[in-house]
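Here is the structure we will look at, set down as structure tokens.
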Amino acid sequence: MTSTPRVPPNQQLVRSDRWPLVGETAPRIEETPWRVSVTGAVKFPLSWSLDELTAWGLESRTIDIHCVTRWSKLDVCFEGIPLATVLAKASVQPEAQFAIFRSRSDRQHATSLPLEFARRCEALLAFRAEHRPLTTDHGGPVRLVVPGRYFYKSLKWLECIELAPMDQLGYWESEAGYHNGADPWQEQRYMAPALTRHQAAQLISARDFSGRDLRSISAAGRDLTGLNARGALLRDADFRHALLHNADFRQANLSNAHFEYADLRGADFEDADLEGANFLGADLRQARLRAVSLVGASFATVTPENVRAATARMDFTTQIDPQRLSDLTDEQRAVVESALRYGANAP
Ligand SMILES: Nc1nc2c(c(=O)[nH]1)N[C@H]1C(S)=C(S)[C@@H](COP(=O)(O)O)O[C@H]1N2
Ligand SMILES: [Mo]
């Protein structure tokens with residue numbers, strides 16, 4: 001018998017009693033009663049109150065969550081109305097190719113799926129998770145849960161499904177450059193970099209990234225000693241083996257950034273977003289990681305046999321707030337705590 005892996009590449013499991021919060025934490029405040037509508041390329045627009053929807057009878061489905069910032073949570077029990085049922089009730093016109101999902105949220109949060117996938121992917125309009133009503137911060141009263149796609153396709157506070165002949169990029173897809181395909185098994189995390197190689201080379205030689213949007217920049221192996229990257233948007237940036245001695249990354253967004261084997265001695269990460277960042281083999285002595293977020297970050301390879309390979313170099317001169325370490329998985333936290341206490345961890 002061949003066993004299919006349960007966890008997609010480069011994801012790590014969160015503790016089973018934890019469910020990280022990502023993105024917006026509350027819907028728009030509004031007096032009007034919540035309704036879910038289907039509009040766009042349909043014969044007649046339809047809408048239902050939440051009571052009308054739940055009266056159809058909730059179905060329960062066990063779904064694995066895979067967040068693009070590298071944490072996964074398996075076997076979460078959701079209860080809701082199948083998206084396929086809702087789509088079947090609407091008389092969808094033949095020109096419809098995409099379903100755009102809109103959120104009752106201040107920033108008009110949205111995401112989309114190809115209609116063909118939306119019909120067959122076994123998504124739910126979920127009202128309950130783990131046998132309780134969905135909490136507001138996790139998308140209650142009603143959210144989309146889409147199995148087989150990174151979790152940014154699972155829109156919280158669903159209020160409108162619009163059918164359209166053309167796709168519209170969602171909030172995270174356009175703001176963060178998240179891949180519109182979002183297949184975790186193919187690691188469709190980010191769209192292609194927005195920068196040309198020439199532009200990247202110029203910025204690298206000037207060593208000033210401050211305040212810029214440089215997501216997915218490739219700076220692997222470059223000498224960026226003393227880099228000013230304050231407040232820069234550096235999601236998915238590639239700094240593997242780079243020299244980043246005393247670099248200033250304060251307030252930078254370094255979600256999913258690659259720092260494998262980088263020299264980060266004395267680098268300052270105060271207030272930086274380090275979700276999903278990879279520090280394998282990096283030198284973090286004298287580095288400051290104050291007020292950072294570390295969900296999904298890794299500092300060592302922890303193999304199933306619990307062999308720790310390529311642990312980041314950290315010691316008592318590395319400054320990390322102890323409370324922030326609770327963002328990490330138990331394995332990662334144990335590695336970091338022992339490195340901070342006993343030092344070095346030279347490979
Ligand atoms: N309305 C809305 N839906 C959203 C988001 C958001 O910011 N706003 N974030 C998305 C992302 S990136 C993720 S990983 C999940 C997080 O859901 P959770 O906070 O319940 O874990 O919601 C998705 N749906
Ligand atoms: Mo996400």
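Lettering and numbering for the structure tokens are positional, with chains as A, B, ... in the shown order, residues counted from 1 in each chain, and ligands counted from 1 in the shown order.
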
| query | Any idea what's packed within 12 Å of Asp330 in chain A, counting only C-alpha atoms, ignoring anything in its chain fewer than 4 positions away? Could you give it as an MDAnalysis selection string? | reply | chainID A and resid 12:18 295:298 302 306 325:326 334:337

Which residues of chain A come within 12 Å of ligand 2, and what is each one's closest atom pair and distance in Å (one decimal), counting only C-alpha atoms and all ligand atoms, sorted by chain and residue number, as a Markdown table?
```
| residue | atom | partner | partner_atom_place_in_ligand_line | distance |
| --- | --- | --- | --- | --- |
| A:Pro20 | CA | ligand 2 | 1 (Mo) | 9.8 |
| A:Leu21 | CA | ligand 2 | 1 (Mo) | 9.0 |
| A:Val22 | CA | ligand 2 | 1 (Mo) | 6.0 |
| A:Gly23 | CA | ligand 2 | 1 (Mo) | 7.1 |
| A:Glu24 | CA | ligand 2 | 1 (Mo) | 10.5 |
| A:Ile65 | CA | ligand 2 | 1 (Mo) | 9.9 |
| A:His66 | CA | ligand 2 | 1 (Mo) | 8.2 |
| A:Cys67 | CA | ligand 2 | 1 (Mo) | 4.7 |
| A:Val68 | CA | ligand 2 | 1 (Mo) | 5.1 |
| A:Thr69 | CA | ligand 2 | 1 (Mo) | 6.1 |
| A:Arg70 | CA | ligand 2 | 1 (Mo) | 8.8 |
| A:Trp71 | CA | ligand 2 | 1 (Mo) | 9.2 |
| A:Ser72 | CA | ligand 2 | 1 (Mo) | 10.5 |
| A:Thr111 | CA | ligand 2 | 1 (Mo) | 11.9 |
| A:Arg149 | CA | ligand 2 | 1 (Mo) | 10.5 |
| A:Tyr150 | CA | ligand 2 | 1 (Mo) | 6.9 |
| A:Phe151 | CA | ligand 2 | 1 (Mo) | 5.3 |
| A:Tyr152 | CA | ligand 2 | 1 (Mo) | 4.6 |
| A:Lys153 | CA | ligand 2 | 1 (Mo) | 8.3 |
| A:Ser154 | CA | ligand 2 | 1 (Mo) | 8.9 |
| A:Leu155 | CA | ligand 2 | 1 (Mo) | 10.1 |
| A:Lys156 | CA | ligand 2 | 1 (Mo) | 11.4 |
| A:Tyr171 | CA | ligand 2 | 1 (Mo) | 11.3 |
| A:Trp172 | CA | ligand 2 | 1 (Mo) | 8.3 |
| A:Glu173 | CA | ligand 2 | 1 (Mo) | 10.5 |
| A:Ala176 | CA | ligand 2 | 1 (Mo) | 10.1 |
| A:Gly177 | CA | ligand 2 | 1 (Mo) | 11.8 |
| A:Tyr178 | CA | ligand 2 | 1 (Mo) | 9.0 |
| A:His179 | CA | ligand 2 | 1 (Mo) | 11.4 |
| A:Ala182 | CA | ligand 2 | 1 (Mo) | 10.3 |
| A:Pro184 | CA | ligand 2 | 1 (Mo) | 11.6 |
| A:Arg189 | CA | ligand 2 | 1 (Mo) | 9.8 |
| A:Tyr190 | CA | ligand 2 | 1 (Mo) | 11.7 |
| A:Ser255 | CA | ligand 2 | 1 (Mo) | 10.4 |
| A:Asn256 | CA | ligand 2 | 1 (Mo) | 11.1 |
| A:Glu275 | CA | ligand 2 | 1 (Mo) | 10.0 |
| A:Gly276 | CA | ligand 2 | 1 (Mo) | 10.4 |
| A:Val295 | CA | ligand 2 | 1 (Mo) | 11.0 |
| A:Gly296 | CA | ligand 2 | 1 (Mo) | 10.9 |
```

| request: Excluding Cys77 in chain A and residues on its chain fewer than 4 positions from it, collect all residues at most 8 Å away from it, counting only C-alpha atoms, and give them as a PyMOL selection string. | output: chain A and resi 60-63+129-131

| query | Out of A:Gly170, A:Pro114, A:Gly57, A:Pro5, which residue has the shortest atom-to-atom distance to ligand 1 when counting only C-alpha atoms and all ligand atoms? | reply |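 Selected residue with least distance to ligand 1: A:Gly170.
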
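For the set A:Val292, A:Arg6, A:Asp268, A:Leu234, the residue with the smallest atom-to-atom gap to Asp75 in chain A is A:Arg6, counting only C-alpha atoms.
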
| task | List every residue of range 6-233 of chain A that DSSP, applied to the backbone of this structure, places in strand (DSSP E), and write the result as a VMD selection string. | result | chain A and resid 12 to 13 35 to 40 46 to 49 59 to 66 71 to 82 98 to 103 110 to 114 124 to 129 132 to 133 143 to 145 158 to 164

Please provide the set of residues having any atom within 12 Å of Ser338 in chain A, restricted to only C-alpha atoms, with same-chain residues fewer than 2 positions apart removed, written as a compact mmCIF listing (two decimals) with N, CA and C atoms, in the first residue's frame.
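out12.txt, written as the output of this step:
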```
# COMPACT_ATOMS: atom_id res chain seq x y z
N PHE A 299 13.52 27.49 12.34
CA PHE A 299 14.90 27.76 12.73
C PHE A 299 15.76 26.50 12.63
N ALA A 300 15.15 25.37 12.28
CA ALA A 300 15.87 24.11 12.15
C ALA A 300 14.98 23.16 11.38
N ARG A 308 17.71 17.11 14.39
CA ARG A 308 17.71 18.54 14.10
C ARG A 308 18.87 18.86 13.20
N THR A 311 20.45 23.83 12.38
CA THR A 311 19.87 24.76 13.34
C THR A 311 20.52 26.14 13.22
N ALA A 312 19.68 27.17 13.29
CA ALA A 312 20.21 28.54 13.25
C ALA A 312 21.17 28.75 14.41
N ARG A 313 22.17 29.60 14.18
CA ARG A 313 23.09 29.91 15.29
C ARG A 313 22.51 31.02 16.14
N MET A 314 22.27 30.70 17.39
CA MET A 314 21.71 31.68 18.33
C MET A 314 22.41 31.46 19.66
N ASP A 315 22.49 32.50 20.45
CA ASP A 315 23.01 32.32 21.81
C ASP A 315 22.43 33.42 22.69
N PHE A 316 23.02 33.64 23.84
CA PHE A 316 22.46 34.62 24.79
C PHE A 316 22.45 36.04 24.24
N GLU A 331 8.22 21.65 18.32
CA GLU A 331 9.56 21.22 17.91
C GLU A 331 10.47 22.43 17.69
N GLN A 332 9.95 23.42 16.95
CA GLN A 332 10.76 24.60 16.67
C GLN A 332 11.07 25.36 17.94
N ARG A 333 10.09 25.46 18.82
CA ARG A 333 10.31 26.20 20.06
C ARG A 333 11.38 25.53 20.91
N ALA A 334 11.35 24.19 20.96
CA ALA A 334 12.36 23.49 21.76
C ALA A 334 13.76 23.75 21.22
N VAL A 335 13.90 23.75 19.90
CA VAL A 335 15.20 24.01 19.29
C VAL A 335 15.68 25.42 19.65
N VAL A 336 14.79 26.39 19.51
CA VAL A 336 15.18 27.78 19.76
C VAL A 336 15.52 27.97 21.24
N LEU A 340 19.12 29.27 22.59
CA LEU A 340 19.28 30.52 23.34
C LEU A 340 19.96 30.26 24.67
N ARG A 341 19.63 29.12 25.28
CA ARG A 341 20.17 28.81 26.59
C ARG A 341 21.61 28.31 26.52
N TYR A 342 21.88 27.42 25.57
CA TYR A 342 23.18 26.77 25.57
C TYR A 342 24.11 27.28 24.49
N GLY A 343 23.57 28.17 23.62
CA GLY A 343 24.45 28.84 22.66
C GLY A 343 24.75 28.04 21.41
N ALA A 344 25.51 28.69 20.61
CA ALA A 344 26.12 28.26 19.35
C ALA A 344 25.28 27.40 18.42
N ASN A 345 25.20 26.09 18.59
CA ASN A 345 24.58 25.21 17.60
C ASN A 345 25.26 25.27 16.25
```

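Nearest residue to ligand 1 among A:Phe44, A:Phe209, A:Trp157, A:Trp185 is A:Trp157, counting only C-alpha atoms and all ligand atoms.
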